[in-house]
file data33.txt (compact mmCIF, C-alpha atoms)
# COMPACT_ATOMS: atom_id res chain seq x y z
CA MET A 1 11.37 -15.99 9.14
CA PRO A 2 8.00 -14.89 7.78
CA TRP A 3 6.96 -11.25 7.86
CA SER A 4 4.06 -10.42 10.13
CA PHE A 5 2.81 -7.09 11.31
CA ASN A 6 0.65 -5.92 14.17
CA SER A 7 -1.84 -3.15 13.60
CA THR A 8 -0.78 -0.62 16.20
CA THR A 9 2.85 0.34 15.59
CA PRO A 10 4.08 1.92 12.36
CA ILE A 11 5.04 -0.70 9.78
CA TYR A 12 8.52 0.72 9.20
CA VAL A 13 9.28 0.30 12.92
CA GLN A 14 8.18 -3.33 12.69
CA ILE A 15 10.32 -3.88 9.61
CA ILE A 16 13.34 -2.49 11.47
CA GLU A 17 12.72 -4.86 14.38
CA HIS A 18 12.23 -7.79 12.04
CA ILE A 19 15.50 -7.18 10.18
CA LYS A 20 17.40 -6.57 13.42
CA LEU A 21 16.17 -9.89 14.72
CA ARG A 22 17.19 -11.64 11.52
CA ILE A 23 20.67 -10.16 11.83
CA ALA A 24 20.92 -11.07 15.53
CA VAL A 25 19.96 -14.72 15.01
CA GLY A 26 22.33 -15.01 12.06
CA ASP A 27 19.62 -15.46 9.45
CA TYR A 28 21.30 -12.52 7.70
CA LYS A 29 25.05 -12.87 8.06
CA ALA A 30 27.73 -10.17 8.12
CA GLY A 31 28.35 -8.97 4.58
CA ASP A 32 25.23 -10.63 3.11
CA LYS A 33 23.63 -8.76 0.25
CA LEU A 34 20.03 -7.72 0.76
CA LEU A 35 17.32 -7.99 -1.87
CA SER A 36 16.37 -4.73 -3.57
CA VAL A 37 13.86 -2.43 -1.88
CA ARG A 38 11.19 -3.47 -4.35
CA GLU A 39 11.83 -7.17 -3.91
CA LEU A 40 11.82 -6.88 -0.14
CA ALA A 41 8.65 -4.79 -0.26
CA ALA A 42 6.94 -7.38 -2.44
CA GLU A 43 8.09 -10.18 -0.13
CA ALA A 44 6.79 -8.40 2.97
CA GLU A 45 3.73 -7.12 1.07
CA VAL A 46 4.36 -3.57 2.11
CA ASN A 47 4.80 -0.30 0.31
CA PRO A 48 8.28 0.24 -1.21
CA ASN A 49 8.47 3.69 0.42
CA THR A 50 7.91 2.11 3.82
CA MET A 51 10.63 -0.46 3.17
CA GLN A 52 12.96 2.29 1.99
CA LYS A 53 12.33 4.26 5.17
CA ALA A 54 13.13 1.26 7.36
CA LEU A 55 16.32 0.41 5.45
CA SER A 56 17.54 4.02 5.61
CA GLU A 57 17.12 3.99 9.36
CA LEU A 58 19.00 0.69 9.70
CA GLU A 59 21.72 2.22 7.58
CA ARG A 60 21.89 5.24 9.87
CA ASP A 61 22.30 2.89 12.80
CA GLY A 62 25.23 1.25 11.03
CA LEU A 63 23.59 -2.15 10.60
CA LEU A 64 23.44 -1.88 6.83
CA TYR A 65 25.63 -0.16 4.32
CA THR A 66 25.17 0.71 0.68
CA GLN A 67 27.66 0.27 -2.08
CA ARG A 68 26.69 2.69 -4.74
CA THR A 69 26.23 0.31 -7.62
CA ALA A 70 26.23 -3.10 -5.97
CA GLY A 71 23.34 -2.70 -3.55
CA ARG A 72 22.76 -2.92 0.16
CA PHE A 73 24.65 -5.18 2.55
CA ILE A 74 24.60 -6.27 6.18
CA THR A 75 27.39 -4.66 8.18
CA GLU A 76 30.67 -6.56 8.35
CA ASP A 77 31.45 -5.10 11.76
CA GLY A 78 31.16 -8.04 14.15
CA GLU A 79 31.08 -5.76 17.15
CA VAL A 80 28.01 -3.93 15.87
CA ILE A 81 26.21 -7.26 15.45
CA ALA A 82 27.31 -8.47 18.90
CA ASN A 83 26.01 -5.21 20.42
CA LEU A 84 22.73 -5.61 18.59
CA ARG A 85 22.33 -9.11 19.92
CA GLU A 86 23.00 -7.96 23.44
CA GLN A 87 20.59 -5.07 23.07
CA LEU A 88 17.81 -7.40 21.91
CA ALA A 89 18.59 -9.79 24.79
CA GLY A 90 18.44 -6.84 27.19
CA GLU A 91 14.96 -5.98 25.96
CA GLN A 92 13.83 -9.56 26.65
CA LEU A 93 15.35 -9.46 30.14
CA ASP A 94 13.64 -6.16 30.92
CA MET A 95 10.35 -7.67 29.86
CA PHE A 96 10.97 -10.78 31.95
CA LEU A 97 11.92 -8.80 35.06
CA ASN A 98 8.91 -6.55 34.62
CA LYS A 99 6.55 -9.48 34.50
CA MET A 100 8.24 -11.09 37.52
CA GLN A 101 7.91 -7.83 39.41
CA GLN A 102 4.21 -7.79 38.63
CA LEU A 103 4.04 -11.26 40.16
CA GLY A 104 5.77 -9.93 43.27
CA TYR A 105 9.33 -11.22 42.79
CA THR A 106 12.40 -9.06 43.39
CA PRO A 107 15.08 -9.31 40.67
CA ASN A 108 17.18 -11.55 42.97
CA GLU A 109 14.26 -13.85 43.71
CA ALA A 110 13.57 -13.98 40.00
CA LEU A 111 17.18 -14.94 39.38
CA GLU A 112 17.04 -17.73 41.98
CA LEU A 113 13.84 -19.01 40.46
CA LEU A 114 15.37 -18.92 37.00
CA LYS A 115 18.41 -20.90 38.18
CA LYS A 116 16.16 -23.50 39.79
CA HIS A 117 14.07 -23.67 36.64
CA ILE A 118 17.08 -24.27 34.41
CA GLY A 119 18.85 -26.53 36.95
CA MET B 1 3.00 17.62 -7.78
CA LEU B 2 1.03 14.94 -9.60
CA VAL B 3 -2.48 15.96 -8.56
CA GLU B 4 -3.65 19.34 -7.31
CA CYS B 5 -7.24 20.07 -6.36
CA LYS B 6 -8.13 23.62 -5.43
CA ASN B 7 -11.51 24.41 -3.89
CA LEU B 8 -13.01 21.57 -5.86
CA CYS B 9 -16.81 21.35 -5.58
CA LYS B 10 -19.38 19.12 -7.19
CA SER B 11 -23.10 19.11 -6.69
CA TYR B 12 -25.80 17.00 -8.26
CA GLY B 13 -28.73 19.39 -8.28
CA SER B 14 -29.12 20.53 -4.70
CA LYS B 15 -27.04 17.66 -3.33
CA ILE B 16 -23.45 18.54 -2.56
CA ALA B 17 -21.16 15.61 -3.37
CA LEU B 18 -17.80 17.32 -2.94
CA ASN B 19 -17.40 20.37 -0.75
CA ASN B 20 -14.35 22.57 -1.30
CA ILE B 21 -11.69 19.88 -1.62
CA ASN B 22 -8.10 21.06 -1.41
CA LEU B 23 -5.76 18.17 -2.01
CA ASN B 24 -2.25 17.53 -3.27
CA ILE B 25 -0.93 14.14 -4.27
CA GLU B 26 2.77 13.54 -4.87
CA ARG B 27 4.33 11.06 -7.22
CA GLY B 28 5.41 7.60 -6.14
CA ARG B 29 2.67 7.12 -3.56
CA ILE B 30 -0.06 4.61 -2.87
CA ILE B 31 -3.01 6.38 -1.35
CA GLY B 32 -6.13 4.98 0.24
CA LEU B 33 -9.26 6.99 -0.45
CA LEU B 34 -11.51 6.08 2.43
CA GLY B 35 -14.92 7.14 3.60
CA PRO B 36 -18.38 5.77 4.30
CA ASN B 37 -20.92 5.20 1.53
CA GLY B 38 -21.92 8.44 -0.13
CA SER B 39 -18.92 10.42 1.10
CA GLY B 40 -17.80 11.46 -2.39
CA LYS B 41 -15.04 8.93 -3.13
CA THR B 42 -16.36 7.87 -6.51
CA THR B 43 -17.25 11.45 -7.46
CA LEU B 44 -13.68 12.57 -6.77
CA ILE B 45 -12.25 9.67 -8.78
CA LYS B 46 -14.62 10.34 -11.66
CA ILE B 47 -13.67 14.02 -11.76
CA LEU B 48 -9.96 13.17 -11.82
CA SER B 49 -10.48 10.62 -14.57
CA GLY B 50 -12.41 13.15 -16.65
CA ILE B 51 -15.76 11.40 -16.60
CA LEU B 52 -17.49 14.07 -14.56
CA THR B 53 -16.79 17.78 -14.58
CA SER B 54 -16.55 19.75 -11.37
CA SER B 55 -19.16 22.38 -10.51
CA SER B 56 -16.47 24.82 -9.42
CA GLY B 57 -12.84 24.88 -8.42
CA GLU B 58 -9.87 23.42 -10.21
CA ALA B 59 -8.16 20.07 -10.61
CA LEU B 60 -4.79 19.62 -12.28
CA ILE B 61 -2.94 16.42 -13.08
CA SER B 62 0.73 16.85 -13.87
CA ASP B 63 0.03 20.61 -14.17
CA LYS B 64 -2.57 20.06 -16.87
CA PRO B 65 -6.30 20.73 -16.57
CA ILE B 66 -8.41 17.57 -16.83
CA GLY B 67 -8.98 16.70 -20.47
CA VAL B 68 -7.61 14.65 -23.34
CA GLU B 69 -4.02 15.20 -22.23
CA THR B 70 -4.65 13.97 -18.68
CA LYS B 71 -6.65 10.97 -19.88
CA LYS B 72 -3.49 9.77 -21.59
CA ILE B 73 -1.70 9.53 -18.27
CA VAL B 74 -4.58 8.40 -16.05
CA SER B 75 -5.60 4.76 -15.80
CA TYR B 76 -9.04 4.37 -14.29
CA LEU B 77 -10.72 1.29 -12.88
CA PRO B 78 -14.43 1.95 -12.46
CA GLU B 79 -16.60 0.37 -9.80
CA ARG B 80 -18.46 -1.62 -12.42
CA THR B 81 -16.96 -3.45 -15.31
CA TYR B 82 -17.52 -1.89 -18.72
CA LEU B 83 -16.11 -4.65 -20.88
CA SER B 84 -18.64 -6.15 -23.26
CA GLU B 85 -19.86 -9.61 -22.40
CA TRP B 86 -19.30 -10.97 -25.89
CA MET B 87 -15.56 -10.33 -25.72
CA THR B 88 -12.88 -12.88 -25.07
CA VAL B 89 -9.91 -11.95 -22.90
CA LYS B 90 -7.77 -11.59 -26.00
CA GLN B 91 -10.28 -9.23 -27.59
CA ALA B 92 -10.34 -7.13 -24.44
CA VAL B 93 -6.54 -6.97 -24.45
CA ASP B 94 -6.55 -5.96 -28.13
CA PHE B 95 -9.15 -3.33 -27.34
CA PHE B 96 -6.90 -1.80 -24.68
CA LYS B 97 -3.87 -2.03 -26.93
CA ASP B 98 -5.75 -0.13 -29.61
CA PHE B 99 -6.97 2.47 -27.22
CA TYR B 100 -3.96 3.29 -25.06
CA SER B 101 -0.47 3.90 -26.41
CA ASP B 102 1.02 3.15 -22.98
CA PHE B 103 -0.58 -0.31 -22.73
CA SER B 104 1.78 -3.28 -22.38
CA GLU B 105 0.33 -6.45 -23.84
CA GLU B 106 3.18 -8.47 -22.40
CA THR B 107 2.52 -7.32 -18.83
CA ALA B 108 -1.17 -8.10 -19.23
CA TYR B 109 -0.69 -11.64 -20.55
CA ASP B 110 1.93 -12.33 -17.92
CA MET B 111 -0.45 -11.37 -15.09
CA LEU B 112 -3.41 -13.18 -16.69
CA GLU B 113 -1.38 -16.34 -16.92
CA ARG B 114 -0.42 -16.17 -13.27
CA LEU B 115 -4.10 -16.01 -12.34
CA ASP B 116 -4.79 -18.87 -14.71
CA ILE B 117 -7.01 -16.82 -17.01
CA LYS B 118 -6.80 -17.98 -20.63
CA PRO B 119 -6.77 -15.54 -23.58
CA ALA B 120 -9.55 -17.51 -25.26
CA ASP B 121 -11.84 -17.38 -22.23
CA SER B 122 -15.03 -15.52 -22.87
CA LEU B 123 -16.09 -12.80 -20.44
CA LYS B 124 -19.70 -13.94 -20.32
CA THR B 125 -18.75 -17.29 -18.86
CA MET B 126 -16.66 -15.72 -16.10
CA SER B 127 -17.61 -15.18 -12.50
CA LYS B 128 -17.93 -11.65 -11.19
CA GLY B 129 -14.59 -11.91 -9.40
CA THR B 130 -12.70 -13.18 -12.43
CA LYS B 131 -14.11 -10.37 -14.56
CA GLU B 132 -12.90 -7.90 -11.95
CA LYS B 133 -9.44 -9.44 -12.07
CA VAL B 134 -9.32 -9.12 -15.86
CA GLN B 135 -10.37 -5.51 -15.67
CA LEU B 136 -7.80 -4.66 -13.02
CA ILE B 137 -5.03 -6.39 -14.97
CA LEU B 138 -5.90 -4.34 -18.05
CA VAL B 139 -5.87 -1.12 -16.05
CA MET B 140 -2.58 -1.94 -14.30
CA SER B 141 -0.91 -2.95 -17.58
CA ARG B 142 -0.80 0.66 -18.69
CA GLN B 143 2.31 2.70 -17.92
CA ALA B 144 0.24 5.53 -16.54
CA GLU B 145 1.22 8.27 -14.11
CA LEU B 146 -1.95 8.13 -12.06
CA TYR B 147 -3.97 4.99 -11.37
CA LEU B 148 -7.44 5.56 -10.00
CA LEU B 149 -8.89 2.32 -8.67
CA ASP B 150 -12.46 2.44 -7.47
CA GLU B 151 -13.07 -0.57 -5.21
CA PRO B 152 -10.54 -2.86 -6.91
CA ILE B 153 -10.73 -5.72 -4.42
CA GLY B 154 -14.35 -5.70 -3.30
CA GLY B 155 -15.50 -8.65 -5.36
CA VAL B 156 -12.54 -11.02 -5.20
CA ASP B 157 -11.56 -13.69 -2.70
CA PRO B 158 -8.86 -13.00 -0.06
CA ALA B 159 -6.14 -14.95 -1.88
CA ALA B 160 -6.75 -13.05 -5.09
CA ARG B 161 -6.84 -9.82 -3.05
CA ASP B 162 -3.29 -10.48 -1.90
CA TYR B 163 -2.21 -11.18 -5.45
CA ILE B 164 -3.90 -8.03 -6.70
CA LEU B 165 -2.25 -5.89 -4.03
CA LYS B 166 1.10 -7.40 -4.93
CA THR B 167 0.35 -6.62 -8.56
CA ILE B 168 -0.33 -3.01 -7.66
CA LEU B 169 2.84 -2.84 -5.56
CA THR B 170 5.09 -4.22 -8.27
CA ASN B 171 3.50 -2.54 -11.26
CA TYR B 172 3.56 1.12 -10.43
CA ASN B 173 6.75 3.10 -10.83
CA GLU B 174 8.32 5.89 -8.81
CA ASN B 175 6.91 8.43 -11.18
CA ALA B 176 3.35 7.25 -10.72
CA SER B 177 0.84 7.21 -7.89
CA VAL B 178 -2.04 4.90 -7.15
CA VAL B 179 -5.29 5.98 -5.52
CA ILE B 180 -7.35 3.09 -4.15
CA SER B 181 -10.86 3.63 -2.89
CA THR B 182 -12.07 0.83 -0.67
CA HIS B 183 -13.98 -0.23 2.41
CA LEU B 184 -11.62 -3.11 3.07
CA ILE B 185 -9.14 -1.00 4.98
CA SER B 186 -7.37 -3.69 6.95
CA ASP B 187 -6.65 -5.57 3.72
CA VAL B 188 -4.91 -2.63 2.06
CA GLU B 189 -3.47 -0.85 5.06
CA ASN B 190 0.02 -2.34 4.83
CA VAL B 191 0.54 -1.25 1.26
CA LEU B 192 -0.60 2.35 1.69
CA ASP B 193 1.65 5.40 2.16
CA GLU B 194 -1.14 7.79 2.92
CA VAL B 195 -4.84 7.86 3.54
CA ILE B 196 -7.49 10.39 2.69
CA PHE B 197 -10.70 10.36 4.75
CA LEU B 198 -13.79 11.84 3.13
CA LYS B 199 -16.98 12.58 5.03
CA TYR B 200 -20.09 14.19 3.52
CA GLY B 201 -17.98 15.42 0.62
CA CYS B 202 -15.43 17.14 2.85
CA LEU B 203 -11.79 16.21 3.24
CA MET B 204 -11.42 15.22 6.89
CA LEU B 205 -7.90 13.93 7.01
CA HIS B 206 -4.92 13.41 4.74
CA LYS B 207 -2.02 11.77 6.55
CA SER B 208 0.62 9.10 6.23
CA VAL B 209 -0.25 5.71 7.67
CA ASP B 210 2.89 5.82 9.83
CA GLU B 211 1.83 9.14 11.34
CA ILE B 212 -1.61 7.78 12.15
CA ARG B 213 -0.13 4.77 13.92
CA GLU B 214 2.46 6.88 15.72
CA GLU B 215 0.01 9.52 16.89
CA ASN B 216 -2.97 7.34 17.67
CA GLY B 217 -1.35 4.01 18.47
CA LYS B 218 -3.96 2.34 16.35
CA SER B 219 -4.44 1.07 12.85
CA VAL B 220 -6.10 3.09 10.12
CA ASP B 221 -8.92 0.57 10.23
CA ALA B 222 -9.47 1.22 13.95
CA LEU B 223 -9.26 4.99 13.46
CA PHE B 224 -11.78 4.80 10.63
CA ARG B 225 -14.23 2.89 12.81
CA GLU B 226 -13.82 5.53 15.51
CA VAL B 227 -14.13 8.57 13.24
CA PHE B 228 -17.09 7.22 11.32
CA ALA B 229 -18.87 5.44 14.17
CA CYS B 230 -22.62 5.41 13.54
call {"tool": "encode", "arguments": {"input": "data33.txt", "output": "structure tokens"}}
result
Amino acid sequence: MPWSFNSTTPIYVQIIEHIKLRIAVGDYKAGDKLLSVRELAAEAEVNPNTMQKALSELERDGLLYTQRTAGRFITEDGEVIANLREQLAGEQLDMFLNKMQQLGYTPNEALELLKKHIG
Amino acid sequence: MLVECKNLCKSYGSKIALNNINLNIERGRIIGLLGPNGSGKTTLIKILSGILTSSSGEALISDKPIGVETKKIVSYLPERTYLSEWMTVKQAVDFFKDFYSDFSEETAYDMLERLDIKPADSLKTMSKGTKEKVQLILVMSRQAELYLLDEPIGGVDPAARDYILKTILTNYNENASVVISTHLISDVENVLDEVIFLKYGCLMLHKSVDEIREENGKSVDALFREVFAC
């Protein structure tokens, strides 16, 4: 998954979203070791301090953990990852329902339409 | 604090180039020095590198007044290349090795090789962009504490720009800071921690890039265009 950044939100916020997505889709698996801050920064072509800030925040949220000498790893807690996935899905659904509302559909009508579309 | 400027002023005759600059720069940062033409960017860089003296006020680097001691820890890339045309790349590297005790020949040759620049190549046969690359590689191959880069990417193509920015990102250490003056804001924005806006020799703004995006909901490039709209 290539790194790409928009120009309006802070980069560290975008890095957090990017890594969350990679965890949710299983690109990073539970217990995987991450590259070092410097390597990740070079890969994303961002400042190491910015990368550090993003990783610290992900760590605070329990998605990453650090082992003092070995480096940084993706959480091994399957529940945390499942929650993350659901949270990201929820964001997509909110966006979908919002757009449908703008088009004049109630949530139930949107659901019916979605069923028909899949069906 | 790596750099401290207190009430720093510089005038050329009756023209004021820097007007009462108060500025602190921490270690481990990459800072964009931004401002329209004639705003004092190059003057500030030249004062910090010890090429110009201030008219009044004080500037300290690593707690030392600007002088021989600070030149040892400051690596400066001027706007224009100063390498002699008759030199080969190898001679330029030797020249730097002779001159600076913190110069790493190995780092320099490694970077030159990656840009496909041969040690035997002569500077006079090089394009403007290639010469700029050589100069930047020499400057970044020092283990300095402060790198002052005056327009480091202006003359090179976009692909080389990316490589150069990567070089800057991977070659400075936590103890050092890099100041980059440039007009190409959107190209450097993602690698910067902080930006300094200069206007008519005055310090207008000194903020982190994240803060600017959070507070204004726009990129540094967009903010610059707004602040300095003609």
call {"tool": "interface_residues", "arguments": {"input": "data33.txt", "of": "chain A", "to": "chain B", "cutoff": "6 Å", "atoms": "all atoms listed in the file", "output": "ChimeraX atom specification"}}
result
/A:7-10,46-47
call {"tool": "residues_around", "arguments": {"input": "data33.txt", "residues": "region 81-96 of chain A", "least_positions_apart": "5", "cutoff": "12 Å", "atoms": "all atoms listed in the file", "output": "ChimeraX atom specification"}}
result
/A:17-26,28-31,58,61-64,74-76,101-103,105-107,110-111,114
call {"tool": "closest_residue", "arguments": {"input": "data33.txt", "among": "A:Arg60, A:Gln67, A:Pro2, A:Asp27", "to": "Leu40 (chain A)", "atoms": "all atoms listed in the file"}}
result
A:Pro2
call {"tool": "atom_distance", "arguments": {"input": "data33.txt", "atom1": "CA of Tyr100 (chain B)", "atom2": "CA of Pro119 (chain B)"}}
result
19.1 Å
call {"tool": "closest_residue", "arguments": {"input": "data33.txt", "among": "B:Lys10, B:Lys124, B:Arg225, B:His183", "to": "Ile45 (chain B)", "atoms": "all atoms listed in the file"}}
result
B:Lys10
call {"tool": "atom_distance", "arguments": {"input": "data33.txt", "atom1": "CA of Asn171 (chain B)", "atom2": "CA of Leu148 (chain B)"}}
result
13.7 Å
call {"tool": "atom_distance", "arguments": {"input": "data33.txt", "atom1": "CA of Ala41 (chain A)", "atom2": "CA of Thr42 (chain B)"}}
result
28.7 Å
call {"tool": "residues_around", "arguments": {"input": "data33.txt", "residues": "Gln91 (chain B)", "least_positions_apart": "4", "cutoff": "9 Å", "atoms": "all atoms listed in the file", "output": "NGL selection string"}}
result
:B and (87 or 95-96 or 119-120)
call {"tool": "residues_near_point", "arguments": {"input": "data33.txt", "point": "(-1.0, 2.5, -26.1)", "cutoff": "12 Å", "atoms": "all atoms listed in the file", "output": "PyMOL selection string"}}
result
chain B and resi 71-73+75+93-105+138-139+141-144
call {"tool": "residues_around", "arguments": {"input": "data33.txt", "residues": "Ser181 (chain B)", "least_positions_apart": "4", "cutoff": "10 Å", "atoms": "only C-alpha atoms", "output": "VMD selection string"}}
result
chain B and resid 31 to 35 41 to 42 45 79 148 to 154 185 188 195 to 196
call {"tool": "closest_residue", "arguments": {"input": "data33.txt", "among": "B:Val74, B:Leu18, B:Ala108, B:Met126", "to": "Leu203 (chain B)", "atoms": "all atoms listed in the file"}}
result
B:Leu18
call {"tool": "decode", "arguments": {"input": "data33.txt", "residues": "region 113-166 of chain B", "atoms": "C-alpha atoms", "output": "PDB file, in the first residue's frame"}}
result
ATOM      1  CA  GLU B 113      27.413   6.525  -6.938  1.00  0.00           C
ATOM      2  CA  ARG B 114      23.679   6.327  -6.382  1.00  0.00           C
ATOM      3  CA  LEU B 115      23.220   9.406  -8.555  1.00  0.00           C
ATOM      4  CA  ASP B 116      25.539   7.897 -11.132  1.00  0.00           C
ATOM      5  CA  ILE B 117      28.176  10.608 -10.775  1.00  0.00           C
ATOM      6  CA  LYS B 118      31.694   9.284 -11.401  1.00  0.00           C
ATOM      7  CA  PRO B 119      34.715  10.396  -9.325  1.00  0.00           C
ATOM      8  CA  ALA B 120      36.638  11.143 -12.508  1.00  0.00           C
ATOM      9  CA  ASP B 121      33.924  13.376 -13.952  1.00  0.00           C
ATOM     10  CA  SER B 122      35.030  16.932 -14.416  1.00  0.00           C
ATOM     11  CA  LEU B 123      32.864  19.734 -13.036  1.00  0.00           C
ATOM     12  CA  LYS B 124      33.148  21.851 -16.155  1.00  0.00           C
ATOM     13  CA  THR B 125      31.447  19.229 -18.277  1.00  0.00           C
ATOM     14  CA  MET B 126      28.513  18.910 -15.886  1.00  0.00           C
ATOM     15  CA  SER B 127      25.083  20.422 -16.200  1.00  0.00           C
ATOM     16  CA  LYS B 128      23.975  23.002 -13.674  1.00  0.00           C
ATOM     17  CA  GLY B 129      21.770  20.458 -11.913  1.00  0.00           C
ATOM     18  CA  THR B 130      24.488  17.835 -11.610  1.00  0.00           C
ATOM     19  CA  LYS B 131      26.886  20.397 -10.172  1.00  0.00           C
ATOM     20  CA  GLU B 132      24.248  21.293  -7.597  1.00  0.00           C
ATOM     21  CA  LYS B 133      23.881  17.639  -6.684  1.00  0.00           C
ATOM     22  CA  VAL B 134      27.635  17.273  -6.184  1.00  0.00           C
ATOM     23  CA  GLN B 135      27.724  20.343  -3.998  1.00  0.00           C
ATOM     24  CA  LEU B 136      24.809  19.183  -1.866  1.00  0.00           C
ATOM     25  CA  ILE B 137      26.326  15.721  -1.435  1.00  0.00           C
ATOM     26  CA  LEU B 138      29.570  17.290  -0.221  1.00  0.00           C
ATOM     27  CA  VAL B 139      27.721  19.489   2.243  1.00  0.00           C
ATOM     28  CA  MET B 140      25.545  16.634   3.548  1.00  0.00           C
ATOM     29  CA  SER B 141      28.541  14.314   3.926  1.00  0.00           C
ATOM     30  CA  ARG B 142      29.776  16.315   6.886  1.00  0.00           C
ATOM     31  CA  GLN B 143      28.709  15.232  10.365  1.00  0.00           C
ATOM     32  CA  ALA B 144      27.711  18.762  11.262  1.00  0.00           C
ATOM     33  CA  GLU B 145      25.290  19.984  13.914  1.00  0.00           C
ATOM     34  CA  LEU B 146      23.649  22.607  11.760  1.00  0.00           C
ATOM     35  CA  TYR B 147      23.093  22.344   8.017  1.00  0.00           C
ATOM     36  CA  LEU B 148      22.180  25.565   6.267  1.00  0.00           C
ATOM     37  CA  LEU B 149      20.909  24.860   2.769  1.00  0.00           C
ATOM     38  CA  ASP B 150      20.170  27.859   0.611  1.00  0.00           C
ATOM     39  CA  GLU B 151      17.891  26.770  -2.232  1.00  0.00           C
ATOM     40  CA  PRO B 152      19.162  23.177  -2.404  1.00  0.00           C
ATOM     41  CA  ILE B 153      16.601  21.873  -4.890  1.00  0.00           C
ATOM     42  CA  GLY B 154      15.948  24.838  -7.146  1.00  0.00           C
ATOM     43  CA  GLY B 155      18.008  23.668 -10.086  1.00  0.00           C
ATOM     44  CA  VAL B 156      17.389  19.929 -10.139  1.00  0.00           C
ATOM     45  CA  ASP B 157      14.682  17.827 -11.744  1.00  0.00           C
ATOM     46  CA  PRO B 158      11.759  16.473  -9.665  1.00  0.00           C
ATOM     47  CA  ALA B 159      13.139  12.925  -9.446  1.00  0.00           C
ATOM     48  CA  ALA B 160      16.481  14.178  -8.175  1.00  0.00           C
ATOM     49  CA  ARG B 161      14.602  16.485  -5.786  1.00  0.00           C
ATOM     50  CA  ASP B 162      12.990  13.456  -4.168  1.00  0.00           C
ATOM     51  CA  TYR B 163      16.348  11.751  -3.899  1.00  0.00           C
ATOM     52  CA  ILE B 164      17.927  14.851  -2.400  1.00  0.00           C
ATOM     53  CA  LEU B 165      15.161  15.211   0.179  1.00  0.00           C
ATOM     54  CA  LYS B 166      15.576  11.561   1.084  1.00  0.00           C
TER      55      LYS B 166
END
